[in-house]
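A.B. asks: Take a look at this one; I'll ask things after.
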Amino acid sequence: MPLPFGLKLKRTRRYTVSSKSCLVTRIQLLNGEFVEFTLSVESTGQECLEAVAQRLELREITYFSLWYFNKQNQQRWIDLEKPLKKQLDKYGLEPTVYFGVVFYVPTVGQLQQEITRYQYYLQLKKDVLEGRIPCSIEQAIRLAGLAVQADFGDFNRYDSQEFLQKFVLFPIGWIQDERVLEEATQKVAVLYQNYRGLPAPEAEMLYMQEVEKMEGYGQESTPAKDSQGTDILLGACLDGIFVKHKNGRPPLVFKWNEINNMTHNKSFFALELTNKEESVQFQTEDLETSKYVCRMCLARHKFYKINKSSLQTQPTAVNPVRRRSSTRMSLLWPVERRT
């Protein structure tokens with residue numbers, strides 16, 4: 001999986017069984033760093049997640065989880081209630097585990113802890129730079145200017161475009177025209193100069209507030225077919241379960257409060273709606289995919305229903321002065337390090 005700003009690392013098998021009852025597992029954080037934990041072979045995904053949260057001094061753990069690549073090279077979120085090692089041995093392409101945001105919030109101002117907002121910012125930057133949240137050139141320029149200010153602060157060569165040309169500022173492969181890329185980088189340099197004096201937490205908050213309004217924010221989807229056999233993208237978002245047709249038809253959204261239950265049978269995933277006697281069915285790639293889609297949609301359904309009222313009544317978070325620690329590092333990787 002490509003890292004923020006273009007860095008890719010070679011995958012290697014890095015957990016080793018140190019005894020019959022213990023293993024050392026390797027986890028990649030959102031800042032690109034790797035950490036290792038010694039766990040019991042029976043340790044659940046939740047126990048591993050809590051170990052990561054403790055390392056990051058993260059208390060608002062609800063929004064985060066762990067994921068891995070399955071044997072088809074697809075991203076899959078860990079089942080937190082089951083042993084981690086068994087899941088990786090049975091389904092994983094590799095033993096490396098990745099930390100990230102699994103539940104997105106309607107408004108980032110609802111995030112209370114400073115480290116929560118920082119981790120959330122790192123996730124949104126990954127989502128943008130890896131193309132999961134599409135953006136226009138104008139949006140990409142604004143986001144790049146804020147990211148540079150957030151990651152570097154008032155750099156003493158802020159007016160030098162040569163400095164910015166060393167880094168990947170935009171989604172990889174998104175701008176093919178060198179002239180357009182140069183012009184966009186010049187505009188980022190101007191924004192960087194204008195943002196001089198803006199504290200990192202404020203730059204990160206402005207970045208997140210920009211992204212939360214963009215199409216694709218908080219969405220995860222998988223290829224499927226509808227009841228007519230038409231190819232679709234089936235996924236979950238903040239509002240509910242969405243269906244996107246590849247033929248250009250407007251997307252269809254089943255709101256969370258319209259859904260009574262979700263089930264799966266073989267390769268089929270079904271929605272039971274409050275206003276319909278018959279369920280709405282979709283066909284996924286296979287049984288494993290339908291089980292996974294059902295599990296994740298049920299989890300999101302539960303999260304958004306439980307947290308809807310509490311999230312709306314929480315006060316907007318105030319950005320404190322950032323506490324510098326080893327959990328913070330720049331994610332503007334040099335262009336030459338891309339592979």
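Residue numbers start at 1 in each chain; chains themselves are named A, B, ... in the order of the structure tokens; ligands are numbered from 1 in the order shown.
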Please produce, as a Markdown table, a per-residue contact table for range 167-263 of chain A versus range 96-102 of chain A (criterion: any atom at most 10 Å away, only C-alpha atoms considered), showing the nearest atom pair and its distance in Å to one decimal, sorted by chain then residue number.
C.D. replies:
| residue | atom | partner | partner_atom | distance |
| --- | --- | --- | --- | --- |
| A:Gly218 | CA | A:Val102 | CA | 8.5 |
| A:Gln219 | CA | A:Val102 | CA | 9.8 |
| A:Glu220 | CA | A:Val102 | CA | 9.3 |
A.B. asks: Write the residues of the preceding selection, restricted to N, CA and C atoms, as a PDB file, in the first residue's frame.
C.D. replies:
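That gives us result_37.pdb:
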ATOM      1  N   GLY A 218     -14.993   9.506   4.154  1.00  0.00           N
ATOM      2  CA  GLY A 218     -15.586   8.495   5.021  1.00  0.00           C
ATOM      3  C   GLY A 218     -16.231   7.332   4.295  1.00  0.00           C
ATOM      4  N   GLN A 219     -15.881   7.128   3.022  1.00  0.00           N
ATOM      5  CA  GLN A 219     -16.510   6.056   2.260  1.00  0.00           C
ATOM      6  C   GLN A 219     -15.564   4.866   2.086  1.00  0.00           C
ATOM      7  N   GLU A 220     -16.143   3.673   2.114  1.00  0.00           N
ATOM      8  CA  GLU A 220     -15.417   2.443   1.796  1.00  0.00           C
ATOM      9  C   GLU A 220     -16.344   1.577   0.957  1.00  0.00           C
TER      10      GLU A 220
END
A.B. asks: Give me the residues within 8 Å of range 50-54 of chain A as a list of chain:residue names, counting only C-alpha atoms and dropping any in the same chain fewer than 5 places off.
C.D. replies: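 Result of the neighbour search: A:Phe37, A:Arg59, A:Ile61.
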A.B. asks: So that I can check the secondary structure, give me every residue of range 98-315 of chain A assigned strand (DSSP E) by backbone DSSP, as a ChimeraX atom specification.
C.D. replies: /A:98-101,220-225,231-236,240-245,252-255,259-265,268-273,280-283
A.B. asks: Would you mind exporting N, CA and C atoms of the selected residues as a tab-separated table (two decimals), in the first residue's frame?
C.D. replies:
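The result, stored in selection10.tsv:
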chain	number	residue	atom	x	y	z
A	98	TYR	N	-1.84	-2.76	9.87
A	98	TYR	CA	-1.83	-1.31	9.67
A	98	TYR	C	-2.88	-0.65	10.57
A	99	PHE	N	-2.52	0.49	11.12
A	99	PHE	CA	-3.39	1.26	12.00
A	99	PHE	C	-4.06	2.37	11.20
A	100	GLY	N	-5.37	2.58	11.44
A	100	GLY	CA	-6.06	3.65	10.70
A	100	GLY	C	-7.43	3.97	11.25
A	101	VAL	N	-8.06	4.94	10.63
A	101	VAL	CA	-9.40	5.38	11.01
A	101	VAL	C	-10.42	4.46	10.34
A	220	GLU	N	-16.14	3.67	2.11
A	220	GLU	CA	-15.42	2.44	1.80
A	220	GLU	C	-16.34	1.58	0.96
A	221	SER	N	-15.86	1.07	-0.16
A	221	SER	CA	-16.75	0.34	-1.07
A	221	SER	C	-16.07	-0.91	-1.62
A	222	THR	N	-16.90	-1.76	-2.23
A	222	THR	CA	-16.41	-2.98	-2.87
A	222	THR	C	-17.23	-3.24	-4.12
A	223	PRO	N	-16.65	-3.82	-5.17
A	223	PRO	CA	-17.43	-4.15	-6.37
A	223	PRO	C	-18.50	-5.20	-6.05
A	224	ALA	N	-19.67	-5.03	-6.67
A	224	ALA	CA	-20.77	-5.99	-6.47
A	224	ALA	C	-21.72	-5.91	-7.66
A	225	LYS	N	-22.81	-6.65	-7.59
A	225	LYS	CA	-23.85	-6.60	-8.61
A	225	LYS	C	-25.19	-6.41	-7.91
A	231	ASP	N	-23.23	-4.16	-12.72
A	231	ASP	CA	-22.04	-3.89	-11.92
A	231	ASP	C	-22.22	-2.59	-11.15
A	232	ILE	N	-21.91	-2.64	-9.86
A	232	ILE	CA	-22.05	-1.48	-9.00
A	232	ILE	C	-20.87	-1.41	-8.03
A	233	LEU	N	-20.77	-0.30	-7.32
A	233	LEU	CA	-19.91	-0.19	-6.14
A	233	LEU	C	-20.83	-0.11	-4.95
A	234	LEU	N	-20.67	-1.05	-4.02
A	234	LEU	CA	-21.48	-1.11	-2.83
A	234	LEU	C	-20.62	-0.73	-1.63
A	235	GLY	N	-21.11	0.22	-0.84
A	235	GLY	CA	-20.27	0.64	0.27
A	235	GLY	C	-21.03	1.35	1.37
A	236	ALA	N	-20.27	1.77	2.37
A	236	ALA	CA	-20.82	2.47	3.52
A	236	ALA	C	-20.24	3.88	3.57
A	240	GLY	N	-25.18	6.19	5.37
A	240	GLY	CA	-25.78	4.88	5.25
A	240	GLY	C	-25.04	4.00	4.26
A	241	ILE	N	-25.78	3.07	3.63
A	241	ILE	CA	-25.24	2.19	2.60
A	241	ILE	C	-25.52	2.82	1.24
A	242	PHE	N	-24.47	2.95	0.43
A	242	PHE	CA	-24.66	3.58	-0.88
A	242	PHE	C	-24.40	2.59	-2.01
A	243	VAL	N	-25.04	2.87	-3.13
A	243	VAL	CA	-24.88	2.08	-4.35
A	243	VAL	C	-24.51	3.04	-5.47
A	244	LYS	N	-23.35	2.83	-6.07
A	244	LYS	CA	-22.91	3.66	-7.19
A	244	LYS	C	-22.89	2.82	-8.45
A	245	HIS	N	-23.62	3.27	-9.46
A	245	HIS	CA	-23.66	2.56	-10.74
A	245	HIS	C	-22.56	3.07	-11.66
A	252	LEU	N	-27.46	5.73	-5.14
A	252	LEU	CA	-28.59	5.45	-4.26
A	252	LEU	C	-28.06	5.26	-2.85
A	253	VAL	N	-28.72	5.89	-1.87
A	253	VAL	CA	-28.27	5.78	-0.48
A	253	VAL	C	-29.41	5.27	0.38
A	254	PHE	N	-29.15	4.19	1.11
A	254	PHE	CA	-30.10	3.68	2.11
A	254	PHE	C	-29.67	4.23	3.47
A	255	LYS	N	-30.43	5.15	4.02
A	255	LYS	CA	-30.07	5.82	5.26
A	255	LYS	C	-30.00	4.82	6.41
A	259	ILE	N	-32.65	1.35	7.80
A	259	ILE	CA	-32.19	-0.04	7.76
A	259	ILE	C	-32.48	-0.72	9.09
A	260	ASN	N	-33.25	-1.80	9.04
A	260	ASN	CA	-33.54	-2.60	10.24
A	260	ASN	C	-32.43	-3.59	10.55
A	261	ASN	N	-31.94	-4.23	9.49
A	261	ASN	CA	-30.93	-5.27	9.70
A	261	ASN	C	-30.19	-5.52	8.40
A	262	MET	N	-29.04	-6.20	8.52
A	262	MET	CA	-28.25	-6.60	7.37
A	262	MET	C	-27.84	-8.05	7.55
A	263	THR	N	-27.93	-8.83	6.50
A	263	THR	CA	-27.60	-10.25	6.57
A	263	THR	C	-26.79	-10.66	5.35
A	264	HIS	N	-26.20	-11.86	5.43
A	264	HIS	CA	-25.50	-12.41	4.26
A	264	HIS	C	-25.84	-13.88	4.14
A	265	ASN	N	-25.85	-14.37	2.90
A	265	ASN	CA	-26.11	-15.77	2.61
A	265	ASN	C	-25.30	-16.15	1.38
A	268	PHE	N	-24.28	-13.47	-1.18
A	268	PHE	CA	-25.26	-12.39	-1.21
A	268	PHE	C	-25.30	-11.60	0.10
A	269	PHE	N	-25.42	-10.30	-0.04
A	269	PHE	CA	-25.56	-9.38	1.09
A	269	PHE	C	-26.92	-8.69	0.95
A	270	ALA	N	-27.70	-8.66	2.04
A	270	ALA	CA	-29.06	-8.15	1.97
A	270	ALA	C	-29.34	-7.09	3.01
A	271	LEU	N	-30.14	-6.10	2.62
A	271	LEU	CA	-30.60	-5.04	3.53
A	271	LEU	C	-32.07	-5.25	3.83
A	272	GLU	N	-32.43	-5.26	5.09
A	272	GLU	CA	-33.82	-5.30	5.51
A	272	GLU	C	-34.24	-3.89	5.90
A	273	LEU	N	-35.17	-3.32	5.13
A	273	LEU	CA	-35.55	-1.92	5.30
A	273	LEU	C	-36.85	-1.78	6.07
A	280	VAL	N	-33.46	-5.95	0.11
A	280	VAL	CA	-32.72	-5.54	-1.09
A	280	VAL	C	-31.42	-6.34	-1.10
A	281	GLN	N	-31.18	-7.09	-2.19
A	281	GLN	CA	-30.04	-7.99	-2.24
A	281	GLN	C	-28.98	-7.52	-3.23
A	282	PHE	N	-27.73	-7.83	-2.88
A	282	PHE	CA	-26.60	-7.55	-3.74
A	282	PHE	C	-25.69	-8.78	-3.73
A	283	GLN	N	-25.06	-9.04	-4.87
A	283	GLN	CA	-24.16	-10.18	-4.96
A	283	GLN	C	-22.71	-9.69	-4.95
A.B. asks: With distances taken over only C-alpha atoms, which residue among A:Arg26, A:Glu288, A:Thr274, A:Leu56 lies nearest Tyr118 in chain A?
C.D. replies: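 Under the stated criterion, the closest residue is A:Leu56.
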A.B. asks: So the first atom is CA of Arg196 in chain A and the second is CA of Glu33 in chain A; what is the distance between them in Å, to one decimal place?
C.D. replies: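 So the answer is 27.8 Å.
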A.B. asks: Nearest to Cys135 in chain A: which of A:Glu42, A:Glu212, A:Asp286, A:Glu277 is it, counting only C-alpha atoms?
C.D. replies: A:Glu212
A.B. asks: When you draw a straight line from CA of Tyr207 in chain A to CA of Pro251 in chain A, how long is it in Å?
C.D. replies: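 Computing the Euclidean distance for CA of Tyr207 in chain A and CA of Pro251 in chain A yields 26.6 Å.
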A.B. asks: Just to confirm, what's the straight-line distance from CA of Asn247 in chain A to CA of Val128 in chain A in Å (one decimal)?
C.D. replies: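 CA of Val128 in chain A lies at a distance of 24.5 Å from CA of Asn247 in chain A.
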A.B. asks: For Val180 in chain A, list every protein, DNA or RNA residue within 12 Å, evaluated using only C-alpha atoms, and leave out those in the same chain fewer than 5 positions away; present the list as a PyMOL selection string.
C.D. replies: chain A and resi 137-138+141+170+174-175+185-187
A.B. asks: Can you write just those residues out, C-alpha atoms, as a PDB file, in the first residue's frame?
C.D. replies:
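Okay, this is what ended up in out36.pdb:
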ATOM      1  CA  ILE A 137      -6.580  20.976  -8.772  1.00  0.00           C
ATOM      2  CA  GLU A 138      -7.717  23.980  -6.732  1.00  0.00           C
ATOM      3  CA  ILE A 141      -3.344  23.122  -4.018  1.00  0.00           C
ATOM      4  CA  PHE A 170      -0.376  15.945  -4.908  1.00  0.00           C
ATOM      5  CA  TRP A 174      -2.723  12.550 -10.726  1.00  0.00           C
ATOM      6  CA  ILE A 175      -1.004  15.430 -12.575  1.00  0.00           C
ATOM      7  CA  THR A 185       3.654  23.868  -7.087  1.00  0.00           C
ATOM      8  CA  GLN A 186       4.185  27.629  -7.545  1.00  0.00           C
ATOM      9  CA  LYS A 187       0.713  28.257  -6.139  1.00  0.00           C
TER      10      LYS A 187
END
A.B. asks: From range 134-275 of chain A, collect each residue whose DSSP state is alpha helix (DSSP H) and return the set as a PyMOL selection string.
C.D. replies: chain A and resi 137-152+161-164+178-194+200-211
A.B. asks: May I have the residues within 9 Å of Leu206 in chain A as an MDAnalysis selection string, using only C-alpha atoms and disregarding those fewer than 4 positions away in the same chain?
C.D. replies: chainID A and resid 143 146 201:202 210:211
A.B. asks: Write the selection just made, keeping N, CA and C atoms, as a CSV table (one decimal), in the first residue's frame?
C.D. replies:
chain,number,residue,atom,x,y,z
A,143,LEU,N,-5.0,22.1,-0.1
A,143,LEU,CA,-4.6,21.1,0.9
A,143,LEU,C,-3.1,20.9,1.0
A,146,LEU,N,-1.7,23.7,3.1
A,146,LEU,CA,-1.9,23.5,4.6
A,146,LEU,C,-1.0,22.4,5.1
A,201,PRO,N,-1.5,22.7,14.7
A,201,PRO,CA,-2.8,22.2,14.9
A,201,PRO,C,-3.9,22.9,14.1
A,202,GLU,N,-3.8,24.2,14.0
A,202,GLU,CA,-4.8,25.0,13.2
A,202,GLU,C,-4.7,24.7,11.7
A,210,GLU,N,-11.6,21.1,5.3
A,210,GLU,CA,-11.7,21.1,3.8
A,210,GLU,C,-12.1,19.7,3.3
A,211,VAL,N,-11.4,18.7,3.8
A,211,VAL,CA,-11.6,17.3,3.3
A,211,VAL,C,-13.0,16.8,3.7
A.B. asks: Skip range 103-109 of chain A itself and residues of its chain fewer than 4 positions away, then list as a list in words all residues within 8 Å of it, counting only C-alpha atoms.
C.D. replies: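 In the requested form, the answer reads Thr62, Tyr63, Phe64, Arg117, Met205, Met208, Gln209, Glu212, Gly218, Leu238, Arg300, Phe303, Thr316 and Ala317 of chain A.
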A.B. asks: Give me the residues near Lys125 in chain A as a PDB file with N, CA and C atoms, in the first residue's frame, where near means some atom within 10 Å (using only C-alpha atoms) and where sequence neighbours in that chain fewer than 5 positions away do not count.
C.D. replies:
ATOM      1  N   PRO A   4       1.781   7.901   2.546  1.00  0.00           N
ATOM      2  CA  PRO A   4       1.522   9.302   2.231  1.00  0.00           C
ATOM      3  C   PRO A   4       2.688   9.927   1.480  1.00  0.00           C
ATOM      4  N   PHE A   5       2.377  10.769   0.497  1.00  0.00           N
ATOM      5  CA  PHE A   5       3.336  11.497  -0.304  1.00  0.00           C
ATOM      6  C   PHE A   5       4.261  10.573  -1.072  1.00  0.00           C
ATOM      7  N   LEU A  30       0.143   5.577  11.175  1.00  0.00           N
ATOM      8  CA  LEU A  30      -0.263   6.501  10.130  1.00  0.00           C
ATOM      9  C   LEU A  30       0.837   7.471   9.723  1.00  0.00           C
ATOM     10  N   GLN A 119      -3.868  12.141  14.492  1.00  0.00           N
ATOM     11  CA  GLN A 119      -3.963  10.862  13.796  1.00  0.00           C
ATOM     12  C   GLN A 119      -5.030  10.910  12.699  1.00  0.00           C
ATOM     13  N   TYR A 120      -6.114  11.588  12.984  1.00  0.00           N
ATOM     14  CA  TYR A 120      -7.203  11.722  12.012  1.00  0.00           C
ATOM     15  C   TYR A 120      -6.722  12.517  10.799  1.00  0.00           C
ATOM     16  N   GLU A 130      -3.700   9.101  -1.775  1.00  0.00           N
ATOM     17  CA  GLU A 130      -3.815   7.792  -2.395  1.00  0.00           C
ATOM     18  C   GLU A 130      -5.059   7.684  -3.269  1.00  0.00           C
ATOM     19  N   GLY A 131      -5.772   8.804  -3.446  1.00  0.00           N
ATOM     20  CA  GLY A 131      -6.860   8.865  -4.414  1.00  0.00           C
ATOM     21  C   GLY A 131      -8.203   8.376  -3.939  1.00  0.00           C
ATOM     22  N   ILE A 133     -10.131   9.954  -1.894  1.00  0.00           N
ATOM     23  CA  ILE A 133     -10.985  11.145  -1.894  1.00  0.00           C
ATOM     24  C   ILE A 133     -10.548  12.011  -3.065  1.00  0.00           C
ATOM     25  N   LEU A 143      -4.982  22.104  -0.090  1.00  0.00           N
ATOM     26  CA  LEU A 143      -4.628  21.064   0.870  1.00  0.00           C
ATOM     27  C   LEU A 143      -3.113  20.915   0.984  1.00  0.00           C
ATOM     28  N   ALA A 144      -2.413  20.993  -0.142  1.00  0.00           N
ATOM     29  CA  ALA A 144      -0.956  20.869  -0.104  1.00  0.00           C
ATOM     30  C   ALA A 144      -0.329  22.017   0.678  1.00  0.00           C
ATOM     31  N   ALA A 147      -0.870  21.312   4.312  1.00  0.00           N
ATOM     32  CA  ALA A 147      -0.053  20.181   4.758  1.00  0.00           C
ATOM     33  C   ALA A 147       1.401  20.587   4.956  1.00  0.00           C
ATOM     34  N   PRO A 171      -1.785  13.972  -5.261  1.00  0.00           N
ATOM     35  CA  PRO A 171      -2.013  12.533  -5.458  1.00  0.00           C
ATOM     36  C   PRO A 171      -1.090  11.954  -6.518  1.00  0.00           C
ATOM     37  N   GLU A 204      -3.726  21.788  10.497  1.00  0.00           N
ATOM     38  CA  GLU A 204      -4.312  20.455  10.387  1.00  0.00           C
ATOM     39  C   GLU A 204      -5.834  20.511  10.447  1.00  0.00           C
ATOM     40  N   TYR A 207      -7.170  21.780   7.207  1.00  0.00           N
ATOM     41  CA  TYR A 207      -7.048  20.698   6.217  1.00  0.00           C
ATOM     42  C   TYR A 207      -8.218  19.730   6.357  1.00  0.00           C
ATOM     43  N   MET A 208      -8.485  19.289   7.575  1.00  0.00           N
ATOM     44  CA  MET A 208      -9.557  18.312   7.807  1.00  0.00           C
ATOM     45  C   MET A 208     -10.928  18.894   7.491  1.00  0.00           C
ATOM     46  N   VAL A 211     -11.403  18.699   3.819  1.00  0.00           N
ATOM     47  CA  VAL A 211     -11.608  17.334   3.314  1.00  0.00           C
ATOM     48  C   VAL A 211     -12.988  16.794   3.688  1.00  0.00           C
ATOM     49  N   LEU A 331       5.415  14.034   7.029  1.00  0.00           N
ATOM     50  CA  LEU A 331       5.034  13.006   6.060  1.00  0.00           C
ATOM     51  C   LEU A 331       5.240  13.469   4.641  1.00  0.00           C
TER      52      LEU A 331
END
A.B. asks: From the list A:Val188, A:Leu23, A:Leu29, A:Ile78, which residue is nearest Gly45 in chain A when using only C-alpha atoms?
C.D. replies: A:Ile78
A.B. asks: Which is closer to Glu94 in chain A than all the others in A:Tyr292, A:Tyr68, A:Tyr121, A:Tyr192, using only C-alpha atoms?
C.D. replies: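 Answer, going by the shortest atom-to-atom distance: A:Tyr68.
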A.B. asks: Between A:Met296, A:Cys237, A:Met214, A:Ala140, which has the minimum distance to Leu191 in chain A (counting only C-alpha atoms)?
C.D. replies: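 Among A:Met296, A:Cys237, A:Met214, A:Ala140, it is A:Ala140 that comes nearest to Leu191 in chain A.
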